[in-house]
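Engineer: See coords_26.tsv below, with TSV, C-alpha atoms.
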chain	number	residue	atom	x	y	z
M	1	MET	CA	51.28	33.26	-304.57
M	2	ARG	CA	50.00	30.63	-302.16
M	3	LYS	CA	46.34	29.62	-302.61
M	4	PRO	CA	44.18	30.28	-299.53
M	5	ILE	CA	43.20	27.23	-297.55
M	6	GLN	CA	39.62	26.36	-298.38
M	7	ILE	CA	39.15	23.30	-296.14
M	8	PRO	CA	38.81	23.83	-292.37
M	9	SER	CA	41.63	22.17	-290.49
M	10	LEU	CA	40.62	19.98	-287.56
M	11	LEU	CA	42.57	20.55	-284.38
M	12	ALA	CA	42.58	16.95	-283.26
M	13	ALA	CA	41.53	16.32	-279.66
M	14	SER	CA	41.66	20.06	-278.89
M	15	LEU	CA	40.00	21.06	-275.67
M	16	LEU	CA	38.14	24.26	-274.90
M	17	VAL	CA	38.90	24.61	-271.21
M	18	THR	CA	37.97	27.42	-268.85
M	19	LEU	CA	40.59	27.13	-266.13
M	20	ALA	CA	39.65	27.86	-262.55
M	21	PRO	CA	42.10	30.45	-261.15
M	22	GLU	CA	44.59	29.55	-258.45
M	23	ILE	CA	43.47	30.26	-254.90
M	24	ALA	CA	45.21	33.55	-254.06
M	25	TRP	CA	45.74	35.07	-250.65
M	26	ALA	CA	44.01	38.46	-250.64
M	27	THR	CA	46.55	40.08	-248.34
M	28	ASP	CA	44.59	43.34	-248.17
M	29	SER	CA	41.68	41.34	-246.76
M	30	VAL	CA	43.25	40.96	-243.35
M	31	GLN	CA	41.33	41.19	-240.08
M	32	HIS	CA	43.33	41.03	-236.88
M	33	THR	CA	41.90	38.65	-234.31
M	34	THR	CA	43.91	39.53	-231.21
M	35	GLU	CA	45.48	42.70	-229.85
M	36	LEU	CA	47.36	44.05	-226.84
M	37	SER	CA	46.57	47.30	-225.00
M	38	VAL	CA	48.80	48.96	-222.39
M	39	MET	CA	47.13	51.84	-220.53
M	40	GLY	CA	47.94	54.27	-217.76
M	41	VAL	CA	45.13	54.75	-215.20
M	42	TYR	CA	44.17	57.74	-213.04
M	43	ILE	CA	41.96	56.72	-210.10
M	44	GLU	CA	39.42	58.94	-208.34
M	45	PRO	CA	38.95	56.83	-205.18
M	46	ASP	CA	35.91	56.30	-203.04
M	47	SER	CA	35.86	58.91	-200.24
M	48	GLU	CA	35.83	56.01	-197.74
M	49	ARG	CA	39.33	55.13	-198.94
M	50	THR	CA	40.86	58.63	-199.08
M	51	ASP	CA	40.39	62.14	-200.41
M	52	GLU	CA	43.55	61.82	-202.49
M	53	TYR	CA	44.08	60.03	-205.82
M	54	GLY	CA	45.57	56.87	-207.27
M	55	SER	CA	47.40	55.62	-210.34
M	56	ALA	CA	47.82	52.24	-211.99
M	57	VAL	CA	48.87	50.35	-215.11
M	58	ARG	CA	46.35	48.16	-216.95
M	59	VAL	CA	47.23	45.50	-219.56
M	60	ILE	CA	44.44	44.13	-221.79
M	61	TYR	CA	44.61	41.18	-224.19
M	62	GLY	CA	41.72	41.46	-226.68
M	63	ILE	CA	40.24	38.46	-228.51
M	64	ARG	CA	37.76	39.08	-231.35
M	65	LEU	CA	34.46	37.16	-231.26
M	66	ASP	CA	32.81	38.78	-234.31
M	67	LYS	CA	32.55	42.16	-236.03
M	68	HIS	CA	31.49	43.99	-232.85
M	69	TRP	CA	32.18	41.79	-229.79
M	70	TRP	CA	35.52	41.25	-228.04
M	71	VAL	CA	36.57	39.30	-224.92
M	72	GLU	CA	39.26	41.20	-223.01
M	73	PRO	CA	41.18	39.51	-220.17
M	74	GLN	CA	42.85	42.25	-218.12
M	75	GLY	CA	45.29	42.74	-215.29
M	76	PHE	CA	46.13	45.90	-213.36
M	77	SER	CA	48.38	47.06	-210.54
M	78	GLY	CA	48.44	50.43	-208.79
M	79	VAL	CA	48.73	52.59	-205.69
M	80	ILE	CA	46.11	54.82	-204.07
M	81	GLU	CA	47.61	57.67	-202.06
M	82	THR	CA	46.40	58.27	-198.48
M	83	ASP	CA	48.44	61.39	-197.71
M	84	GLN	CA	48.79	60.12	-194.17
M	85	SER	CA	52.36	59.70	-192.95
M	86	ALA	CA	51.38	57.17	-190.31
M	87	PHE	CA	49.64	54.84	-192.76
M	88	THR	CA	50.80	52.85	-195.75
M	89	ASP	CA	49.18	53.67	-199.11
M	90	TYR	CA	46.68	51.29	-200.72
M	91	TYR	CA	48.42	48.74	-202.95
M	92	GLN	CA	45.83	47.31	-205.31
M	93	GLN	CA	46.01	44.58	-207.96
M	94	GLY	CA	43.44	42.68	-209.97
M	95	LEU	CA	42.83	40.05	-212.65
M	96	GLY	CA	39.59	39.85	-214.59
M	97	VAL	CA	37.75	39.63	-217.90
M	98	ASP	CA	35.64	42.23	-219.73
M	99	LEU	CA	33.15	41.85	-222.56
M	100	SER	CA	33.51	44.77	-224.99
M	101	TYR	CA	31.17	45.97	-227.76
M	102	ARG	CA	32.61	48.19	-230.53
M	103	PHE	CA	29.74	50.12	-232.03
M	104	PHE	CA	31.19	50.73	-235.51
M	105	GLY	CA	32.86	47.36	-235.91
M	106	ASP	CA	35.82	47.64	-238.27
M	107	LYS	CA	35.34	51.34	-239.04
M	108	GLU	CA	38.39	53.53	-238.62
M	109	PHE	CA	37.08	55.25	-235.45
M	110	THR	CA	34.77	53.61	-232.92
M	111	PRO	CA	33.29	54.17	-229.45
M	112	TYR	CA	32.85	51.09	-227.31
M	113	GLY	CA	31.21	49.89	-224.11
M	114	LEU	CA	32.44	47.26	-221.66
M	115	ILE	CA	31.35	45.30	-218.62
M	116	GLY	CA	33.19	42.70	-216.58
M	117	GLY	CA	34.72	41.66	-213.29
M	118	GLY	CA	37.34	39.58	-211.54
M	119	VAL	CA	39.47	39.07	-208.43
M	120	SER	CA	41.05	42.00	-206.56
M	121	ARG	CA	43.71	42.30	-203.88
M	122	ASN	CA	44.07	45.26	-201.51
M	123	ASP	CA	47.19	45.45	-199.34
M	124	VAL	CA	46.46	48.09	-196.67
M	125	ALA	CA	48.21	48.43	-193.32
M	126	ASN	CA	46.11	48.52	-190.13
M	127	ASN	CA	43.05	47.14	-191.90
M	128	THR	CA	41.75	43.73	-190.84
M	129	SER	CA	39.46	43.25	-193.88
M	130	SER	CA	40.19	40.27	-196.09
M	131	GLU	CA	43.03	41.06	-198.45
M	132	PHE	CA	41.39	39.25	-201.42
M	133	GLY	CA	37.97	40.03	-202.84
M	134	GLY	CA	36.17	40.68	-206.07
M	135	PHE	CA	35.54	43.62	-208.36
M	136	ALA	CA	33.14	44.63	-211.11
M	137	ASN	CA	33.50	47.43	-213.65
M	138	VAL	CA	31.47	49.03	-216.42
M	139	GLY	CA	32.66	51.71	-218.80
M	140	LEU	CA	32.61	53.64	-222.05
M	141	GLY	CA	35.56	54.42	-224.29
M	142	LEU	CA	36.87	55.52	-227.68
M	143	MET	CA	39.39	53.96	-230.08
M	144	THR	CA	41.05	55.96	-232.87
M	145	SER	CA	41.70	54.89	-236.43
M	146	PRO	CA	45.11	53.26	-237.16
M	147	LEU	CA	48.01	55.70	-236.78
M	148	THR	CA	50.66	53.52	-238.49
M	149	GLN	CA	50.85	50.75	-241.07
M	150	SER	CA	51.20	48.24	-238.23
M	151	GLY	CA	47.73	49.23	-236.96
M	152	LEU	CA	48.77	51.12	-233.78
M	153	ARG	CA	45.81	52.93	-232.17
M	154	ILE	CA	45.13	55.22	-229.21
M	155	ARG	CA	42.52	53.96	-226.76
M	156	GLY	CA	40.89	55.68	-223.80
M	157	ASP	CA	37.99	54.89	-221.45
M	158	ALA	CA	36.24	55.81	-218.21
M	159	ARG	CA	35.08	53.08	-215.78
M	160	TYR	CA	32.93	52.77	-212.70
M	161	PHE	CA	34.87	50.32	-210.53
M	162	TYR	CA	33.25	48.51	-207.58
M	163	ASP	CA	35.63	46.75	-205.15
M	164	SER	CA	34.23	44.38	-202.48
M	165	PHE	CA	37.12	45.28	-200.09
M	166	ASP	CA	36.17	46.79	-196.72
M	167	ASP	CA	32.37	46.34	-197.12
M	168	GLY	CA	32.43	47.68	-200.67
M	169	LEU	CA	34.11	50.72	-202.27
M	170	SER	CA	33.32	52.58	-205.49
M	171	ASP	CA	36.08	54.22	-207.56
M	172	ILE	CA	36.14	56.04	-210.89
M	173	GLN	CA	39.00	55.15	-213.24
M	174	PHE	CA	40.20	57.04	-216.32
M	175	SER	CA	42.51	55.08	-218.68
M	176	LEU	CA	44.56	56.13	-221.71
M	177	GLY	CA	47.04	54.08	-223.73
M	178	LEU	CA	48.02	52.31	-226.94
M	179	THR	CA	46.60	49.26	-228.73
M	180	VAL	CA	48.47	47.18	-231.32
M	181	PRO	CA	47.30	44.11	-233.32
M	182	ILE	CA	49.26	40.93	-232.62
M	183	GLY	CA	47.33	38.42	-234.76
M	184	ALA	CA	45.67	38.34	-238.17
M	185	THR	CA	43.41	36.13	-240.29
M	186	ARG	CA	43.97	36.07	-244.05
M	187	LYS	CA	40.86	35.34	-246.10
M	188	GLN	CA	41.01	33.26	-249.27
M	189	ILE	CA	39.29	34.71	-252.31
M	190	VAL	CA	38.27	32.06	-254.82
M	191	GLU	CA	36.81	32.90	-258.20
M	192	LYS	CA	34.31	30.13	-258.92
M	193	THR	CA	34.22	29.05	-262.55
M	194	THR	CA	32.76	26.10	-264.38
M	195	ILE	CA	35.28	23.76	-266.01
M	196	VAL	CA	33.97	22.70	-269.41
M	197	GLU	CA	35.80	20.17	-271.56
M	198	ARG	CA	34.66	19.34	-275.04
M	199	GLU	CA	36.16	18.48	-278.39
M	200	VAL	CA	35.86	21.37	-280.79
M	201	VAL	CA	36.44	21.99	-284.46
M	202	VAL	CA	38.21	25.25	-285.24
M	203	GLU	CA	38.45	26.72	-288.71
M	204	LYS	CA	42.02	28.01	-289.03
M	205	ASP	CA	41.10	31.26	-290.74
M	206	PHE	CA	38.62	32.13	-287.95
M	207	ALA	CA	40.65	31.52	-284.78
M	208	ASP	CA	40.60	34.41	-282.24
M	209	SER	CA	43.39	33.82	-279.70
M	210	ASP	CA	42.79	36.88	-277.52
M	211	GLY	CA	38.98	36.74	-277.69
M	212	ASP	CA	38.52	40.35	-278.83
M	213	GLY	CA	36.19	39.47	-281.72
M	214	VAL	CA	38.81	39.97	-284.45
M	215	VAL	CA	40.23	36.80	-286.03
M	216	ASP	CA	43.97	36.18	-285.84
M	217	GLY	CA	44.45	36.55	-289.58
M	218	VAL	CA	43.34	40.19	-289.34
M	219	ASP	CA	44.29	41.02	-285.74
M	220	GLN	CA	47.24	43.45	-285.63
M	221	CYS	CA	47.26	43.58	-281.81
M	222	PRO	CA	46.95	39.92	-280.73
M	223	ASN	CA	47.31	40.44	-276.96
M	224	THR	CA	44.57	42.95	-276.06
M	225	LEU	CA	43.11	42.80	-272.55
M	226	GLU	CA	39.62	41.40	-272.10
M	227	GLY	CA	36.99	44.09	-271.53
M	228	LEU	CA	38.45	46.80	-273.81
M	229	ASN	CA	36.81	47.88	-277.07
M	230	VAL	CA	38.92	47.29	-280.17
M	231	ASN	CA	38.77	48.59	-283.73
M	232	SER	CA	38.38	46.59	-286.96
M	233	VAL	CA	42.01	45.40	-286.90
M	234	GLY	CA	41.92	44.22	-283.26
M	235	CYS	CA	43.76	47.16	-281.59
M	236	VAL	CA	42.37	49.00	-278.57
M	237	ASP	CA	40.37	52.02	-279.68
M	238	THR	CA	42.37	54.98	-278.33
M	239	ASP	CA	39.88	57.56	-279.63
M	240	GLN	CA	37.73	56.93	-276.56
M	241	GLU	CA	38.46	56.73	-272.86
M	242	GLN	CA	37.77	53.28	-271.45
M	243	SER	CA	38.69	51.31	-268.37
M	244	VAL	CA	39.11	47.75	-267.13
M	245	VAL	CA	39.86	46.49	-263.61
M	246	LEU	CA	42.97	44.30	-263.39
M	247	ARG	CA	41.30	41.54	-261.40
M	248	GLY	CA	43.70	39.50	-259.31
M	249	VAL	CA	46.33	42.24	-259.01
M	250	THR	CA	46.73	42.16	-255.21
M	251	PHE	CA	49.38	43.19	-252.73
M	252	GLU	CA	50.83	41.99	-249.46
M	253	PHE	CA	49.05	43.31	-246.34
M	254	ASN	CA	49.50	47.08	-245.80
M	255	SER	CA	52.25	47.04	-248.45
M	256	ASN	CA	52.94	47.92	-252.08
M	257	ARG	CA	54.65	44.57	-252.72
M	258	LEU	CA	52.92	42.66	-255.53
M	259	THR	CA	51.86	39.06	-254.92
M	260	ALA	CA	53.13	36.31	-257.22
M	261	ASN	CA	49.65	35.95	-258.72
M	262	ALA	CA	49.55	39.68	-259.50
M	263	LYS	CA	52.87	39.51	-261.35
M	264	ASP	CA	51.55	36.71	-263.58
M	265	ILE	CA	48.50	38.81	-264.51
M	266	LEU	CA	50.63	41.88	-265.28
M	267	ILE	CA	52.66	39.91	-267.85
M	268	ARG	CA	49.53	39.83	-270.06
M	269	ALA	CA	49.04	43.57	-269.54
M	270	ALA	CA	52.68	44.22	-270.51
M	271	ASP	CA	52.25	42.17	-273.72
M	272	ALA	CA	49.18	44.24	-274.62
M	273	LEU	CA	51.07	47.53	-274.13
M	274	LYS	CA	54.17	46.38	-276.03
M	275	GLY	CA	51.91	45.22	-278.88
M	276	GLN	CA	50.29	48.65	-279.27
M	277	LEU	CA	52.78	51.49	-278.76
M	278	ASP	CA	50.20	54.21	-279.49
M	279	MET	CA	48.18	53.26	-276.37
M	280	ASP	CA	48.71	55.42	-273.26
M	281	VAL	CA	47.19	54.26	-269.97
M	282	GLU	CA	46.65	55.49	-266.45
M	283	LEU	CA	47.22	52.94	-263.68
M	284	ALA	CA	44.72	54.01	-261.02
M	285	GLY	CA	45.09	52.66	-257.47
M	286	HIS	CA	42.05	52.51	-255.16
M	287	THR	CA	41.47	51.35	-251.54
M	288	ASP	CA	38.53	50.70	-249.26
M	289	SER	CA	37.64	53.05	-246.37
M	290	VAL	CA	39.40	51.11	-243.58
M	291	GLY	CA	42.15	53.35	-242.18
M	292	SER	CA	42.58	57.12	-242.36
M	293	GLU	CA	41.95	58.99	-245.60
M	294	THR	CA	45.55	60.27	-245.73
M	295	TYR	CA	47.00	56.79	-245.20
M	296	ASN	CA	44.76	55.27	-247.88
M	297	GLN	CA	45.75	58.00	-250.37
M	298	GLN	CA	49.45	57.31	-249.80
M	299	LEU	CA	49.01	53.54	-250.00
M	300	SER	CA	47.02	53.72	-253.27
M	301	GLN	CA	49.72	55.90	-254.88
M	302	GLN	CA	52.47	53.54	-253.75
M	303	ARG	CA	50.58	50.57	-255.22
M	304	ALA	CA	49.91	52.30	-258.54
M	305	ASP	CA	53.64	53.18	-258.73
M	306	ALA	CA	54.56	49.56	-257.97
M	307	VAL	CA	52.42	48.31	-260.90
M	308	ARG	CA	54.00	50.92	-263.22
M	309	ASP	CA	57.53	49.97	-262.13
M	310	TYR	CA	56.88	46.26	-262.72
M	311	LEU	CA	55.43	46.88	-266.21
M	312	ILE	CA	58.53	48.93	-267.07
M	313	ASP	CA	60.71	46.05	-265.84
M	314	LEU	CA	58.80	43.83	-268.29
M	315	GLY	CA	59.79	46.10	-271.19
M	316	VAL	CA	56.89	48.57	-271.45
M	317	ASP	CA	57.80	52.09	-272.63
M	318	PRO	CA	57.61	54.38	-269.53
M	319	ASP	CA	56.03	57.13	-271.67
M	320	GLN	CA	52.94	54.94	-272.09
M	321	LEU	CA	52.31	54.75	-268.33
M	322	THR	CA	50.93	57.17	-265.74
M	323	ALA	CA	50.31	56.10	-262.12
M	324	ASN	CA	47.83	57.84	-259.82
M	325	GLY	CA	46.41	56.92	-256.43
M	326	TYR	CA	42.83	57.83	-255.52
M	327	GLY	CA	42.64	56.32	-252.02
M	328	GLU	CA	39.10	55.66	-250.84
M	329	SER	CA	37.49	58.46	-252.92
M	330	SER	CA	35.98	56.34	-255.74
M	331	PRO	CA	34.28	53.20	-254.34
M	332	ILE	CA	32.43	50.90	-256.76
M	333	ARG	CA	30.70	48.97	-253.97
M	334	SER	CA	29.53	49.72	-250.43
M	335	ASN	CA	32.29	49.70	-247.81
M	336	ASP	CA	29.82	48.31	-245.25
M	337	THR	CA	30.44	44.70	-246.32
M	338	GLU	CA	33.61	42.61	-246.66
M	339	GLU	CA	32.70	41.80	-250.28
M	340	GLY	CA	32.23	45.49	-251.05
M	341	ARG	CA	35.56	46.45	-249.46
M	342	GLU	CA	37.28	43.69	-251.45
M	343	ARG	CA	35.88	45.08	-254.72
M	344	ASN	CA	36.97	48.61	-253.79
M	345	ARG	CA	40.61	47.51	-253.32
M	346	ARG	CA	41.64	47.47	-256.99
M	347	VAL	CA	43.95	48.71	-259.74
M	348	GLU	CA	42.28	50.06	-262.89
M	349	PHE	CA	43.79	50.10	-266.40
M	350	ASN	CA	42.42	53.36	-267.88
M	351	VAL	CA	43.02	53.97	-271.58
M	352	LEU	CA	43.70	57.67	-272.24
M	353	SER	CA	42.32	59.13	-275.46
M	354	ARG	CA	44.75	60.91	-277.77
Could the structure of this file be written out as structure tokens, please?

Structural biologist:
Amino acid sequence: MRKPIQIPSLLAASLLVTLAPEIAWATDSVQHTTELSVMGVYIEPDSERTDEYGSAVRVIYGIRLDKHWWVEPQGFSGVIETDQSAFTDYYQQGLGVDLSYRFFGDKEFTPYGLIGGGVSRNDVANNTSSEFGGFANVGLGLMTSPLTQSGLRIRGDARYFYDSFDDGLSDIQFSLGLTVPIGATRKQIVEKTTIVEREVVVEKDFADSDGDGVVDGVDQCPNTLEGLNVNSVGCVDTDQEQSVVLRGVTFEFNSNRLTANAKDILIRAADALKGQLDMDVELAGHTDSVGSETYNQQLSQQRADAVRDYLIDLGVDPDQLTANGYGESSPIRSNDTEEGRERNRRVEFNVLSR
């Protein structure tokens, strides 16, 4: 029988290093910066023009300034009916810029107000007024929450439209159409840690590789995840329900595809599960409140399933894993801030008691 080692062994030039994590793209943390709206317009003309009606098409290119403010260059072209056989209808075009304020910022549904102006052109037969002039408009509108994963929305507004043509004319315009994002900004999330390097002396019989408080010589489950309570032999205590957030497990924008960084983190989780076959876990997917409740529920389930499938690919017994999506129903931070929404987008590793 071998005698136990009595003298601590020195791990020469060993370094205790806390490694700063790689900078990872948080693809859920995406905020589009530009968008395109195409809208049909019904015109209630000034009575000085006609007692009939008009129609037009308006195209708007939106550029985000901050959470609430947008600059919106616009162009429109339309016809105003005169219902007079001897006269040509009004042909009207314009180019301008609006300043728009969205009251709820990035919330899923928001009213907005706008004000702006530009250059107009009125092509009307038998009218000697200058063909080119200016216009100003002010309005109120509504924008729905995203209807698809690409961010497609319905937008509608009502505008008071003043045209300098023919000594000044005032129209009312009602617009309805679709808005789609065409640009996005991806935010980097960096976990700040302090890098400490020092020479240490480790006694062989008291090393604790997985940091669970049980030394390697006794630890029967050497790959437990940080944050879970373990018993006296270093295995996760399955007599109690407990949970840990898998920090760094992120996905591509509006998708259930795992990022490369997430796959690296899940390898450690797979090792923990394969090292303790009596541990059953629930993989719980959660989202923030951006987007509709139904869409967030579906996305969270798809992401929880993706984590389960990848762990199975790594060799974990499928009977140990359950995947459930909870959408936006269980926030751990306020959804009113970007930091809070980032914390709410998560996958939890919930140990199920037996």

Engineer: Residues within 12 Å of (46.0, 46.8, -229.4), file coordinates, counting all atoms listed in the file: what are they? Give the list as an MDAnalysis selection string.

Structural biologist: chainID M and resid 32:39 59:64 70 72 143:147 150:156 177:183

Engineer: Restrict the selected residues to C-alpha atoms and save them as a compact mmCIF listing (two decimals), in the frame of the given file.

Structural biologist:
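Saved file selection_15.txt follows:
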# COMPACT_ATOMS: atom_id res chain seq x y z
CA HIS M 32 43.33 41.03 -236.88
CA THR M 33 41.90 38.65 -234.31
CA THR M 34 43.91 39.53 -231.21
CA GLU M 35 45.48 42.70 -229.85
CA LEU M 36 47.36 44.05 -226.84
CA SER M 37 46.57 47.30 -225.00
CA VAL M 38 48.80 48.96 -222.39
CA MET M 39 47.13 51.84 -220.53
CA VAL M 59 47.23 45.50 -219.56
CA ILE M 60 44.44 44.13 -221.79
CA TYR M 61 44.61 41.18 -224.19
CA GLY M 62 41.72 41.46 -226.68
CA ILE M 63 40.24 38.46 -228.51
CA ARG M 64 37.76 39.08 -231.35
CA TRP M 70 35.52 41.25 -228.04
CA GLU M 72 39.26 41.20 -223.01
CA MET M 143 39.39 53.96 -230.08
CA THR M 144 41.05 55.96 -232.87
CA SER M 145 41.70 54.89 -236.43
CA PRO M 146 45.11 53.26 -237.16
CA LEU M 147 48.01 55.70 -236.78
CA SER M 150 51.20 48.24 -238.23
CA GLY M 151 47.73 49.23 -236.96
CA LEU M 152 48.77 51.12 -233.78
CA ARG M 153 45.81 52.93 -232.17
CA ILE M 154 45.13 55.22 -229.21
CA ARG M 155 42.52 53.96 -226.76
CA GLY M 156 40.89 55.68 -223.80
CA GLY M 177 47.04 54.08 -223.73
CA LEU M 178 48.02 52.31 -226.94
CA THR M 179 46.60 49.26 -228.73
CA VAL M 180 48.47 47.18 -231.32
CA PRO M 181 47.30 44.11 -233.32
CA ILE M 182 49.26 40.93 -232.62
CA GLY M 183 47.33 38.42 -234.76

Engineer: Distance CA of Glu348 (chain M)-CA of Gln149 (chain M), one decimal place?

Structural biologist: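 That distance, rounded to one decimal, is 23.5 Å.
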
Engineer: With only C-alpha atoms as the basis for distance, which of M:Glu338, M:Glu282, M:Asp264, M:Asp219 is at the shortest distance from Ala304 (chain M)?

Structural biologist: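 Looking only at the distances to Ala304 (chain M), the closest residue turns out to be M:Glu282.
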
Engineer: Taking (44.7, 45.8, -279.3) as a centre in this file's frame and 10 Å as the limit, can you find every polymer residue with an atom that close, using only C-alpha atoms, and give them as a PDB file with C-alpha atoms, in the frame of the given file?

Structural biologist:
ATOM      1  CA  ASP M 210      42.790  36.880-277.520  1.00  0.00           C
ATOM      2  CA  ASP M 212      38.520  40.350-278.830  1.00  0.00           C
ATOM      3  CA  VAL M 214      38.810  39.970-284.450  1.00  0.00           C
ATOM      4  CA  ASP M 219      44.290  41.020-285.740  1.00  0.00           C
ATOM      5  CA  GLN M 220      47.240  43.450-285.630  1.00  0.00           C
ATOM      6  CA  CYS M 221      47.260  43.580-281.810  1.00  0.00           C
ATOM      7  CA  PRO M 222      46.950  39.920-280.730  1.00  0.00           C
ATOM      8  CA  ASN M 223      47.310  40.440-276.960  1.00  0.00           C
ATOM      9  CA  THR M 224      44.570  42.950-276.060  1.00  0.00           C
ATOM     10  CA  LEU M 225      43.110  42.800-272.550  1.00  0.00           C
ATOM     11  CA  GLU M 226      39.620  41.400-272.100  1.00  0.00           C
ATOM     12  CA  LEU M 228      38.450  46.800-273.810  1.00  0.00           C
ATOM     13  CA  ASN M 229      36.810  47.880-277.070  1.00  0.00           C
ATOM     14  CA  VAL M 230      38.920  47.290-280.170  1.00  0.00           C
ATOM     15  CA  ASN M 231      38.770  48.590-283.730  1.00  0.00           C
ATOM     16  CA  SER M 232      38.380  46.590-286.960  1.00  0.00           C
ATOM     17  CA  VAL M 233      42.010  45.400-286.900  1.00  0.00           C
ATOM     18  CA  GLY M 234      41.920  44.220-283.260  1.00  0.00           C
ATOM     19  CA  CYS M 235      43.760  47.160-281.590  1.00  0.00           C
ATOM     20  CA  VAL M 236      42.370  49.000-278.570  1.00  0.00           C
ATOM     21  CA  ASP M 237      40.370  52.020-279.680  1.00  0.00           C
ATOM     22  CA  THR M 238      42.370  54.980-278.330  1.00  0.00           C
ATOM     23  CA  ALA M 272      49.180  44.240-274.620  1.00  0.00           C
ATOM     24  CA  LEU M 273      51.070  47.530-274.130  1.00  0.00           C
ATOM     25  CA  GLY M 275      51.910  45.220-278.880  1.00  0.00           C
ATOM     26  CA  GLN M 276      50.290  48.650-279.270  1.00  0.00           C
ATOM     27  CA  LEU M 277      52.780  51.490-278.760  1.00  0.00           C
ATOM     28  CA  MET M 279      48.180  53.260-276.370  1.00  0.00           C
TER      29      MET M 279
END

Engineer: For each of M:Tyr162, M:Tyr90, M:Phe135, M:Phe174, take the minimum atom-to-atom distance to Arg58 (chain M), counting all atoms listed in the file, then give the residue where this is smallest.

Structural biologist: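 Among the listed residues, M:Phe174 lies closest to Arg58 (chain M).
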
Engineer: Restricting the calculation to all atoms listed in the file, which member of M:Leu142, M:Leu246, M:Ile267, M:Leu311 is positioned closest to Gly285 (chain M)?

Structural biologist: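 Among M:Leu142, M:Leu246, M:Ile267, M:Leu311, it is M:Leu246 that comes nearest to Gly285 (chain M).
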
Engineer: For Tyr53 (chain M), work out the shell of residues within 8 Å, counting all atoms listed in the file and skipping chain neighbours fewer than 5 positions away, then give it as a ChimeraX atom specification.

Structural biologist: /M:42-45,80-82

Engineer: One decimal, in Å: what's the spacing between CA of Asp51 (chain M) and CA of Asp83 (chain M)?

Structural biologist: 8.5 Å

Engineer: Suppose you want the space between CA of Asp98 (chain M) and CA of Tyr160 (chain M); what is it in Å?

Structural biologist: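 CA of Tyr160 (chain M) lies at a distance of 13.0 Å from CA of Asp98 (chain M).
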
Engineer: Just the residues within 10 Å of Tyr310 (chain M), please, counting only C-alpha atoms, with nothing from its chain fewer than 4 positions along; format it as a list in words.

Structural biologist: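 Those residues are Leu258, Lys263, Leu266, Ile267, Ala270, Asp305, Ala306, Leu314, Gly315 and Val316 of chain M.
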